[in-house]
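Novice: I'm passing along entry29.txt; it holds compact mmCIF, C-alpha atoms and all ligand atoms.
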```
# COMPACT_ATOMS: atom_id res chain seq x y z
CA MET A 1 0.00 0.00 0.00
CA HIS A 2 1.34 3.41 -0.97
CA ILE A 3 0.58 6.04 1.71
CA PRO A 4 0.37 9.58 0.30
CA ALA A 5 1.43 12.36 2.68
CA ASP A 6 -2.12 13.72 2.99
CA TRP A 7 -3.42 10.29 4.13
CA HIS A 8 -0.86 10.30 6.92
CA GLU A 9 -1.68 13.87 8.00
CA THR A 10 -5.44 13.30 8.01
CA THR A 11 -5.06 10.13 10.04
CA GLU A 12 -2.89 11.92 12.61
CA ARG A 13 -5.48 14.72 12.88
CA ILE A 14 -8.27 12.20 13.49
CA LEU A 15 -6.15 10.36 16.07
CA GLY A 16 -5.30 13.63 17.80
CA ARG A 17 -8.97 14.22 18.62
CA ALA A 18 -9.90 10.59 19.33
CA SER A 19 -9.54 10.94 23.10
CA GLU A 20 -12.05 13.84 23.18
CA ARG A 21 -14.76 11.98 21.31
CA PRO A 22 -14.88 8.45 19.84
CA PRO A 23 -14.44 9.01 16.10
CA THR A 24 -17.01 8.07 13.47
CA VAL A 25 -15.31 8.65 10.14
CA MET A 26 -17.33 8.62 6.93
CA VAL A 27 -15.22 8.20 3.79
CA VAL A 28 -16.75 9.49 0.56
CA GLY A 29 -15.67 9.68 -3.08
CA ALA A 30 -16.39 8.62 -6.68
CA PRO A 31 -15.51 5.04 -7.75
CA ASP A 32 -11.83 4.03 -7.75
CA VAL A 33 -10.36 6.98 -5.86
CA GLY A 34 -8.90 4.79 -3.08
CA LYS A 35 -11.72 4.96 -0.46
CA SER A 36 -11.47 1.35 0.65
CA THR A 37 -7.67 1.43 0.70
CA PHE A 38 -7.73 4.60 2.81
CA CYS A 39 -10.29 3.02 5.18
CA ALA A 40 -8.00 0.01 5.71
CA TYR A 41 -5.05 2.31 6.44
CA LEU A 42 -7.04 4.56 8.80
CA ALA A 43 -8.65 1.61 10.65
CA SER A 44 -5.24 -0.01 11.12
CA ARG A 45 -3.76 3.19 12.55
CA LEU A 46 -6.70 3.66 14.94
CA HIS A 47 -6.32 0.04 16.08
CA GLN A 48 -2.56 0.42 16.53
CA ALA A 49 -3.21 3.53 18.65
CA GLY A 50 -5.09 1.28 21.08
CA LEU A 51 -8.70 2.11 20.11
CA ALA A 52 -11.19 -0.71 19.64
CA THR A 53 -11.81 -0.11 15.93
CA ALA A 54 -14.50 -1.33 13.56
CA VAL A 55 -15.25 -0.82 9.88
CA ALA A 56 -18.73 -0.62 8.32
CA ASP A 57 -18.73 -1.34 4.60
CA ALA A 58 -21.70 0.34 2.92
CA ASP A 59 -20.55 -0.31 -0.66
CA ILE A 60 -23.16 -2.94 -1.60
CA GLY A 61 -21.89 -3.30 -5.19
CA GLN A 62 -18.17 -3.71 -4.48
CA SER A 63 -18.17 -4.98 -0.91
CA SER A 64 -14.89 -5.67 0.81
CA ILE A 65 -16.52 -7.09 3.97
CA GLY A 66 -19.24 -9.75 3.64
CA PRO A 67 -21.18 -10.55 0.45
CA PRO A 68 -22.45 -7.91 -2.02
CA ALA A 69 -26.04 -6.64 -1.61
CA ALA A 70 -25.57 -6.13 2.15
CA ILE A 71 -23.97 -3.58 4.43
CA SER A 72 -21.52 -5.45 6.63
CA GLY A 73 -19.06 -4.69 9.39
CA GLY A 74 -16.78 -6.03 12.06
CA LEU A 75 -14.08 -5.22 14.59
CA LEU A 76 -10.38 -5.42 13.83
CA SER A 77 -8.37 -7.94 15.84
CA GLY A 78 -5.04 -6.73 14.44
CA PRO A 79 -3.61 -4.41 11.80
CA ILE A 80 -4.94 -5.02 8.29
CA ALA A 81 -3.58 -4.47 4.77
CA SER A 82 -7.04 -4.63 3.18
CA LEU A 83 -10.67 -4.36 4.32
CA ALA A 84 -11.18 -7.95 3.16
CA GLU A 85 -9.45 -8.95 6.42
CA VAL A 86 -12.20 -7.41 8.58
CA PRO A 87 -14.54 -10.15 9.89
CA ASP A 88 -18.15 -10.14 8.68
CA ALA A 89 -19.72 -9.83 12.15
CA VAL A 90 -22.88 -7.81 11.38
CA GLY A 91 -24.94 -7.60 8.21
CA TYR A 92 -27.89 -5.52 7.04
CA PHE A 93 -29.58 -6.80 3.90
CA VAL A 94 -30.32 -4.46 0.99
CA GLY A 95 -30.92 -7.08 -1.70
CA ALA A 96 -29.58 -4.99 -4.58
CA ILE A 97 -26.16 -4.23 -6.03
CA SER A 98 -26.80 -0.53 -6.61
CA PRO A 99 -28.22 1.90 -4.05
CA VAL A 100 -30.48 3.49 -6.72
CA GLY A 101 -34.06 2.62 -5.75
CA HIS A 102 -32.85 1.42 -2.32
CA LEU A 103 -31.72 4.66 -0.68
CA LEU A 104 -33.72 4.09 2.51
CA ALA A 105 -32.32 0.60 3.06
CA CYS A 106 -28.76 1.85 2.40
CA THR A 107 -29.09 4.84 4.71
CA VAL A 108 -30.87 3.10 7.58
CA GLY A 109 -28.71 -0.01 7.18
CA THR A 110 -25.46 1.90 7.50
CA ALA A 111 -26.64 3.53 10.72
CA ARG A 112 -27.89 0.19 12.13
CA VAL A 113 -24.55 -1.51 11.42
CA VAL A 114 -22.61 1.35 13.03
CA GLN A 115 -24.90 1.20 16.09
CA ARG A 116 -24.38 -2.55 16.39
CA LEU A 117 -20.60 -2.21 16.04
CA ARG A 118 -20.65 0.28 18.93
CA ALA A 119 -22.74 -2.16 20.99
CA LEU A 120 -20.09 -4.81 20.25
CA GLY A 121 -17.47 -2.52 21.82
CA ALA A 122 -16.12 -0.39 18.96
CA LYS A 123 -14.79 2.99 20.07
CA ALA A 124 -13.71 4.15 16.60
CA VAL A 125 -15.84 3.36 13.55
CA VAL A 126 -14.72 3.89 9.96
CA VAL A 127 -17.52 3.91 7.36
CA ASP A 128 -16.63 3.04 3.77
CA THR A 129 -19.26 4.08 1.21
CA SER A 130 -20.22 3.39 -2.39
CA GLY A 131 -18.99 5.51 -5.29
CA LEU A 132 -22.52 6.79 -5.98
CA VAL A 133 -21.98 10.52 -5.42
CA HIS A 134 -23.45 12.10 -8.56
CA GLY A 135 -26.99 12.84 -9.63
CA SER A 136 -29.85 13.41 -7.25
CA ALA A 137 -29.69 9.82 -5.92
CA GLY A 138 -25.98 10.07 -5.07
CA ARG A 139 -26.42 13.44 -3.48
CA ALA A 140 -29.42 12.38 -1.39
CA LEU A 141 -27.74 9.16 -0.32
CA LYS A 142 -24.59 10.88 0.92
CA GLU A 143 -26.36 13.82 2.53
CA TYR A 144 -28.94 11.74 4.42
CA LYS A 145 -26.34 9.20 5.45
CA ALA A 146 -24.24 11.98 6.97
CA ASP A 147 -27.39 13.41 8.62
CA LEU A 148 -28.11 10.09 10.29
CA LEU A 149 -24.54 9.12 11.21
CA GLN A 150 -23.42 12.56 12.38
CA PRO A 151 -19.78 11.61 11.71
CA THR A 152 -17.13 13.39 13.77
CA ASP A 153 -15.01 13.40 10.60
CA THR A 154 -15.83 13.28 6.91
CA VAL A 155 -13.02 12.32 4.55
CA VAL A 156 -13.62 13.32 0.93
CA LEU A 157 -11.39 11.88 -1.80
CA GLN A 158 -11.58 13.83 -5.07
CA ARG A 159 -9.88 14.02 -8.43
CA ARG A 160 -11.01 17.51 -9.49
CA GLU A 161 -13.31 18.90 -6.81
CA GLU A 162 -16.16 16.81 -8.20
CA LEU A 163 -17.76 16.63 -4.75
CA ALA A 164 -17.82 20.39 -4.17
CA HIS A 165 -21.62 20.32 -3.80
CA LEU A 166 -21.45 17.90 -0.86
CA VAL A 167 -18.38 19.51 0.70
CA ARG A 168 -20.10 22.90 0.79
CA GLY A 169 -22.83 21.54 3.06
CA TRP A 170 -20.57 19.46 5.28
CA GLU A 171 -18.18 22.35 5.87
CA ARG A 172 -21.08 24.10 7.57
CA SER A 173 -21.90 21.08 9.74
CA ALA A 174 -20.32 19.96 13.02
CA SER A 175 -18.31 17.27 11.20
CA ARG A 176 -14.66 18.04 10.46
CA VAL A 177 -14.10 17.75 6.72
CA HIS A 178 -10.77 16.41 5.39
CA LEU A 179 -10.17 16.94 1.67
CA LEU A 180 -7.81 14.43 0.08
CA ASN A 181 -6.59 13.93 -3.47
CA ALA A 182 -7.68 10.72 -5.16
CA SER A 183 -5.07 8.05 -4.53
CA PRO A 184 -2.41 8.32 -7.27
CA ALA A 185 -1.96 4.54 -6.98
CA ALA A 186 -5.66 3.83 -7.54
CA VAL A 187 -6.46 1.50 -10.42
CA ALA A 188 -9.83 1.93 -12.21
CA ARG A 189 -12.00 -1.16 -12.68
CA LEU A 190 -14.16 -1.75 -15.77
CA PRO A 191 -17.85 -2.71 -15.39
CA GLY A 192 -17.01 -6.33 -16.34
CA GLN A 193 -14.34 -6.47 -13.63
CA ARG A 194 -16.80 -5.16 -11.05
CA ARG A 195 -19.33 -7.79 -12.03
CA SER A 196 -16.81 -10.64 -11.89
CA TYR A 197 -15.54 -9.40 -8.52
CA ARG A 198 -19.12 -9.56 -7.22
CA ALA A 199 -19.62 -13.00 -8.76
CA GLN A 200 -16.53 -14.27 -6.91
CA ARG A 201 -17.77 -12.89 -3.60
CA PHE A 202 -21.28 -14.30 -4.05
CA ALA A 203 -19.84 -17.69 -5.13
CA ALA A 204 -17.59 -17.81 -2.04
CA TYR A 205 -20.58 -16.95 0.15
CA PHE A 206 -22.80 -19.67 -1.33
CA ALA A 207 -20.01 -22.28 -1.70
CA THR A 208 -21.35 -24.29 1.26
CA ALA A 209 -25.05 -23.63 0.55
CA GLN A 210 -27.56 -26.45 1.13
CA PRO A 211 -31.30 -26.72 0.40
CA ILE A 212 -33.36 -25.50 3.35
CA SER A 213 -37.04 -24.82 3.88
CA LEU A 214 -38.91 -22.34 6.06
CA SER A 215 -42.59 -22.50 6.98
CA LEU A 216 -44.55 -19.57 5.60
CA ASP A 217 -46.57 -19.37 8.82
CA ARG A 218 -43.37 -18.92 10.88
CA VAL A 219 -41.85 -15.95 9.01
CA TYR A 220 -42.83 -12.50 7.78
CA LEU A 221 -42.21 -11.91 4.08
CA ARG A 222 -40.82 -8.41 3.75
CA ASN A 223 -40.48 -6.20 0.66
CA THR A 224 -43.31 -7.93 -1.21
CA TRP A 225 -47.10 -7.87 -1.28
CA LEU A 226 -47.14 -11.65 -1.17
CA HIS A 227 -48.46 -13.08 2.08
CA GLY A 228 -49.55 -9.67 3.32
CA GLY A 229 -53.24 -10.06 2.47
CA LYS A 230 -56.09 -12.36 3.46
CA ALA A 231 -55.62 -15.81 1.87
CA LEU A 232 -58.43 -16.97 -0.44
CA ALA A 233 -60.33 -20.17 0.38
CA PRO A 234 -59.95 -23.20 -1.96
CA ASP A 235 -63.37 -22.67 -3.60
CA ARG A 236 -62.38 -19.08 -4.51
CA LEU A 237 -59.08 -20.35 -5.99
CA GLN A 238 -61.08 -22.81 -8.09
CA ALA A 239 -63.37 -20.06 -9.35
CA LEU A 240 -60.35 -17.83 -10.09
CA SER A 241 -58.64 -20.63 -12.05
CA GLU A 242 -61.69 -20.87 -14.28
CA HIS A 243 -61.87 -17.10 -14.66
CA VAL A 244 -58.22 -16.71 -15.77
CA GLN A 245 -58.02 -20.13 -17.45
CA MET A 246 -54.77 -21.01 -15.68
CA PRO A 247 -54.17 -23.07 -12.52
CA VAL A 248 -54.19 -20.66 -9.56
CA LEU A 249 -51.88 -21.98 -6.82
CA TYR A 250 -52.52 -19.29 -4.26
CA GLY A 251 -54.41 -16.05 -3.93
CA GLU A 252 -55.06 -13.31 -1.46
CA GLN A 253 -57.19 -10.26 -0.98
CA HIS A 254 -55.70 -6.81 -0.35
CA GLY A 255 -58.68 -4.59 0.28
CA GLU A 256 -60.62 -4.71 -2.98
CA GLN A 257 -57.60 -5.97 -4.96
CA THR A 258 -56.86 -9.64 -5.59
CA LEU A 259 -53.36 -11.05 -6.04
CA ALA A 260 -53.09 -14.56 -7.48
CA VAL A 261 -50.07 -16.77 -8.14
CA VAL A 262 -50.53 -18.97 -11.20
CA GLU A 263 -48.76 -21.95 -12.71
CA GLY A 264 -47.23 -20.86 -16.02
CA TRP A 265 -46.53 -17.51 -17.60
CA PRO A 266 -49.39 -15.01 -17.84
CA THR A 267 -49.11 -12.54 -20.73
CA ALA A 268 -48.71 -8.80 -20.07
CA SER A 269 -52.48 -8.24 -20.53
CA GLN A 270 -53.31 -11.15 -18.20
CA ARG A 271 -51.01 -9.88 -15.46
CA ARG A 272 -53.16 -6.83 -14.77
CA THR A 273 -56.82 -7.56 -15.28
CA THR A 274 -60.11 -7.28 -13.39
CA LEU A 275 -62.46 -9.54 -11.48
CA ASP A 276 -66.03 -8.30 -11.08
CA GLY A 277 -64.76 -4.79 -11.78
CA ALA A 278 -62.02 -4.94 -9.08
CA PRO A 279 -58.28 -5.11 -9.89
CA LEU A 280 -56.81 -8.60 -10.26
CA THR A 281 -53.03 -9.10 -10.51
CA LEU A 282 -51.50 -12.38 -11.67
CA TRP A 283 -47.97 -13.44 -10.80
CA SER A 284 -46.18 -16.42 -12.26
CA SER A 285 -45.02 -18.91 -9.63
CA HIS A 286 -41.61 -18.67 -11.34
CA ARG A 287 -41.35 -15.04 -10.34
CA PHE A 288 -39.53 -15.98 -7.14
CA SER A 289 -37.12 -18.48 -8.63
CA ARG A 290 -33.44 -17.55 -7.98
CA LEU A 291 -34.35 -14.47 -5.98
CA LEU A 292 -31.68 -13.33 -3.53
CA CYS A 293 -33.18 -13.08 -0.03
CA GLY A 294 -32.07 -11.99 3.41
CA LEU A 295 -32.99 -14.18 6.37
CA LEU A 296 -33.31 -11.68 9.21
CA ASP A 297 -33.36 -12.00 12.99
CA ASP A 298 -35.75 -10.22 15.35
CA GLN A 299 -33.65 -7.03 15.17
CA GLY A 300 -33.57 -6.93 11.39
CA PHE A 301 -29.95 -8.10 11.04
CA LEU A 302 -28.84 -10.85 8.67
CA VAL A 303 -28.75 -14.39 9.98
CA SER A 304 -27.81 -15.47 6.46
CA MET A 305 -28.43 -14.66 2.83
CA ALA A 306 -30.29 -17.25 0.79
CA ILE A 307 -31.39 -17.88 -2.79
CA LEU A 308 -35.09 -18.64 -3.08
CA HIS A 309 -35.77 -21.68 -5.23
CA HIS A 310 -39.54 -21.61 -5.11
CA VAL A 311 -42.56 -20.99 -2.93
CA ASP A 312 -44.34 -24.28 -2.27
CA PHE A 313 -47.89 -23.06 -1.69
CA THR A 314 -49.29 -26.59 -1.20
CA ALA A 315 -46.92 -27.34 1.68
CA GLY A 316 -46.81 -23.71 2.86
CA LYS A 317 -43.04 -23.60 2.63
CA LEU A 318 -40.26 -21.52 1.12
CA ARG A 319 -37.57 -23.69 -0.49
CA LEU A 320 -34.19 -21.98 -0.47
CA LEU A 321 -30.44 -22.49 -0.73
CA ALA A 322 -28.39 -21.11 2.16
CA PRO A 323 -25.03 -21.65 3.81
CA PRO A 324 -25.21 -23.32 7.27
CA ALA A 325 -26.87 -20.91 9.74
CA ASP A 326 -29.01 -20.96 12.89
CA LEU A 327 -32.43 -20.93 11.23
CA SER A 328 -34.24 -20.84 14.60
CA ARG A 329 -33.30 -17.12 14.75
CA VAL A 330 -34.99 -16.28 11.43
CA ARG A 331 -38.11 -14.12 11.81
CA THR A 332 -38.26 -12.35 8.46
CA VAL A 333 -37.47 -13.28 4.89
CA TYR A 334 -36.63 -10.07 3.02
CA LEU A 335 -37.07 -10.50 -0.73
CA GLY A 336 -34.25 -8.80 -2.62
CA ARG A 337 -34.39 -7.49 -6.17
CA LEU A 338 -31.57 -9.53 -7.72
CA LEU A 339 -31.96 -12.88 -9.46
CA LEU A 340 -28.78 -14.80 -8.80
CA GLN A 341 -27.25 -18.21 -9.39
CA PRO A 342 -25.28 -19.77 -6.51
CA ASN A 343 -22.12 -19.50 -8.65
CA GLY A 344 -22.53 -15.70 -8.51
CA THR A 345 -23.94 -15.17 -12.02
CA GLU A 346 -26.40 -12.26 -11.98
CA LEU A 347 -29.48 -13.17 -14.03
CA ALA A 348 -31.67 -10.06 -13.73
CA VAL A 349 -32.42 -7.03 -11.61
CA LEU A 350 -36.05 -6.46 -10.60
CA GLN A 351 -37.50 -3.01 -9.98
CA PRO A 352 -38.18 -1.95 -6.38
CA GLY A 353 -41.98 -2.20 -6.93
CA ASP A 354 -41.93 -5.52 -8.81
CA LEU A 355 -42.89 -7.84 -5.95
N1 LIG B 1 -2.64 3.92 -1.86
C1 LIG B 1 -2.74 2.84 -2.60
N2 LIG B 1 -1.74 1.95 -2.68
C2 LIG B 1 -1.86 0.84 -3.45
N3 LIG B 1 -2.94 0.52 -4.18
C3 LIG B 1 -3.98 1.37 -4.13
C4 LIG B 1 -3.93 2.56 -3.36
N4 LIG B 1 -5.11 3.21 -3.50
C5 LIG B 1 -5.85 2.44 -4.33
N5 LIG B 1 -5.16 1.34 -4.72
C6 LIG B 1 -5.68 0.30 -5.61
O1 LIG B 1 -6.57 0.86 -6.56
C7 LIG B 1 -7.78 0.13 -6.67
C8 LIG B 1 -8.97 1.01 -6.28
O2 LIG B 1 -8.82 1.40 -4.92
P1 LIG B 1 -10.02 1.27 -3.87
O3 LIG B 1 -9.45 1.63 -2.54
O4 LIG B 1 -10.67 -0.06 -3.98
O5 LIG B 1 -10.97 2.41 -4.41
P2 LIG B 1 -12.50 2.76 -4.06
O6 LIG B 1 -12.83 2.08 -2.78
O7 LIG B 1 -12.55 4.24 -3.98
O8 LIG B 1 -13.31 2.26 -5.22
C9 LIG B 1 -7.61 -1.10 -5.78
O9 LIG B 1 -7.16 -2.17 -6.59
C10 LIG B 1 -6.53 -0.68 -4.81
O10 LIG B 1 -5.78 -1.80 -4.36
MG MG B 2 -14.30 0.72 -2.32
```
In structure tokens, what does this structure look like?

Specialist:
Amino acid sequence: MHIPADWHETTERILGRASERPPTVMVVGAPDVGKSTFCAYLASRLHQAGLATAVADADIGQSSIGPPAAISGGLLSGPIASLAEVPDAVGYFVGAISPVGHLLACTVGTARVVQRLRALGAKAVVVDTSGLVHGSAGRALKEYKADLLQPTDTVVLQRREELAHLVRGWERSASRVHLLNASPAAVARLPGQRRSYRAQRFAAYFATAQPISLSLDRVYLRNTWLHGGKALAPDRLQALSEHVQMPVLYGEQHGEQTLAVVEGWPTASQRRTTLDGAPLTLWSSHRFSRLLCGLLDDQGFLVSMAILHHVDFTAGKLRLLAPPADLSRVRTVYLGRLLLQPNGTELAVLQPGDL
């Protein structure tokens, strides 16, 4: 690791104040400016100075800690050369590989992980973030994240003052702002390299995955309409099957709207139709196949990620693939928006409102 002079100076300034107030350091910048490398250096220095130090990794697309699609963090047990050495002790599921469309989950999740790291004993917390800094989504994400975290220090890595809009606001906040030049040693990654990096991390995560099943009546399905309404009785399913001329496996009532899951592939016009003048929505039972899910505990933290194979409506069970985990802690199954193979191949990205 090459340590530019301004990295060293900034780190010493943060350390100098650490005894007054436990530092929370948010590190921000465009892609490939050296954020994660700087975080590893800073966290190591804080640890060497005797502070219990943790890192939260909020870059869901290019995660260094834990699998992609989640915000993860852990405490250092020694100096590190790279964030990949930080244990994956806490995870908050987002279920997507870009924050766009998932700003709330990314913002709340980062704060929850930082809170948990403090509860685990961290005095200093370094927060690595994604490279999404442009456009209204990037701006909102970074501004609201800073609002929620109230970092003692904000480190901004820039090539050509491209984050001036964010800096202007933060310089008027209580956070100390440290402006650094983009790392001269930083190497840019092409989109294909980013995707294959993610594939590797997903594949490593699911390497030991086994088929598991969870009873639908034991868990809450989050981030979907499915299982949130009043289930239809068998005679109503029979009548619906005749109405849509497709086998209806399951259906439920949401106010005046009906949602039905059918065997097969309804056409676009069949998917949104009406029943006695009220809206009727049809979903293919294949809609859930290969969907990345988060199995969450009673505090909303990840017990494990899983890949949904299918929803077995007859048995009332979710059939999934997951690495070994304590399933008795699972209270919620959070449906993500990425269709994924266990080898890490990304098949499709669903829209936030799709399920
Ligand atoms: N100071 C440095 N010394 C050595 N390699 C670096 C340095 N800064 C960045 N790199 C390399 O450049 C690439 C991008 O850096 P990274 O820290 O991952 O950027 P970011 O997190 O901003 O996307 C990585 O391969 C990293 O190892
Ligand atoms: Mg990074």

Novice: If you count only C-alpha atoms and all ligand atoms, which residues end up within 7 Å of ligand LIG 1 (chain B), as number ranges by chain?

Specialist: A: 1-4, 29-38, 131, 183-188

Novice: Expressed in Å to a single decimal, how great is the separation between CA of Leu296 (chain A) and CA of Thr53 (chain A)?

Specialist: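 Value for the CA of Leu296 (chain A)-CA of Thr53 (chain A) distance: 25.3 Å.
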
Novice: For each of A:Gln48, A:Ser82, A:Ser284, A:Thr129, take the minimum atom-to-atom distance to ligand MG 2 (chain B), counting only C-alpha atoms and all ligand atoms, then give the residue where this is smallest.

Specialist: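 When distances to ligand MG 2 (chain B) are compared using only C-alpha atoms and all ligand atoms, the smallest one comes from A:Thr129.
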
Novice: Given the choices A:Leu132, A:Arg118, A:Pro87, A:Val262, which gets closest to ligand MG 2 (chain B) if the distance is worked out from all atoms listed in the file?

Specialist: A:Leu132

Novice: Which one of A:Leu221, A:Leu292, A:Leu148, A:Cys106 sits closest to Glu346 (chain A) if you count only C-alpha atoms?

Specialist: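 Smallest distance to Glu346 (chain A) is found for A:Leu292.
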
Novice: Looking at A:Leu190, A:Val125, A:Ala5, A:Ile65, which one is nearest to ligand MG 2 (chain B), with distances taken over all atoms listed in the file?

Specialist: A:Ile65

Novice: What is the CA of Leu216 (chain A)-CA of Gln270 (chain A) distance in Å, reported with one decimal?

Specialist: 26.7 Å

Novice: Would you compute the distance between CA of Pro342 (chain A) and CA of Thr208 (chain A)? Give it in Å to one decimal.

Specialist: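 Computing it gives 9.8 Å between the two atoms.
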
Novice: Give me the residues within 8 Å of Ser213 (chain A) as a ChimeraX atom specification, counting only C-alpha atoms and dropping any in the same chain fewer than 6 places off.

Specialist: /A:317-320

Novice: Which residues are close to region 15-25 of chain A, i.e. within 6 Å by all atoms listed in the file, leaving aside same-chain residues fewer than 2 positions away? Reply as an MDAnalysis selection string.

Specialist: chainID A and resid 12:13 123:127 151:154

Novice: Could you please give me, as a list in words, the residues of protein, DNA or RNA lying at most 9 Å from (-13.7, 18.7, 6.3) in the coordinate frame of the file, considering all atoms listed in the file?

Specialist: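 Result, sorted by chain then residue number: Asp153, Thr154, Val155, Val156, Val167, Trp170, Glu171, Ser175, Arg176, Val177, His178 and Leu179 of chain A.
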
Novice: My list of candidates is A:Ala49, A:Leu335, A:Ala315, A:Leu302. Which is closest to Trp225 (chain A) when distances are computed with all atoms listed in the file?

Specialist: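 Of A:Ala49, A:Leu335, A:Ala315, A:Leu302, the one nearest Trp225 (chain A) is A:Leu335, counting all atoms listed in the file.
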
Novice: Could you check which of A:Gly50, A:Gly61, A:Gly251, A:Gly344 is closest to Pro234 (chain A), using all atoms listed in the file?

Specialist: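 Result for the nearest residue to Pro234 (chain A): A:Gly251.
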
Novice: The centre and edge lengths of an axis-aligned box containing all atoms of region 41-48 of chain A present in the file, extended by 5 Å on each side, are to be given in Å to one decimal, as AutoDock Vina command-line options.

Specialist:
```
--center_x -5.6 --center_y 2.3 --center_z 11.5 --size_x 16.1 --size_y 14.6 --size_z 20.1
```

Novice: Residues of region 196-275 of chain A that approach region 97-103 of chain A to 12 Å or less, counting all atoms listed in the file: could you list each one with the shortest pair of atoms and its distance in Å to one decimal, rows by chain and increasing residue number, as a tab-separated table?

Specialist:
```
residue	atom	partner	partner_atom	distance
A:Arg198	CA	A:Ile97	CA	8.9
A:Ala199	CA	A:Ile97	CA	11.3
A:Phe202	CA	A:Ile97	CA	11.4
A:Asn223	CA	A:His102	CA	11.2
```
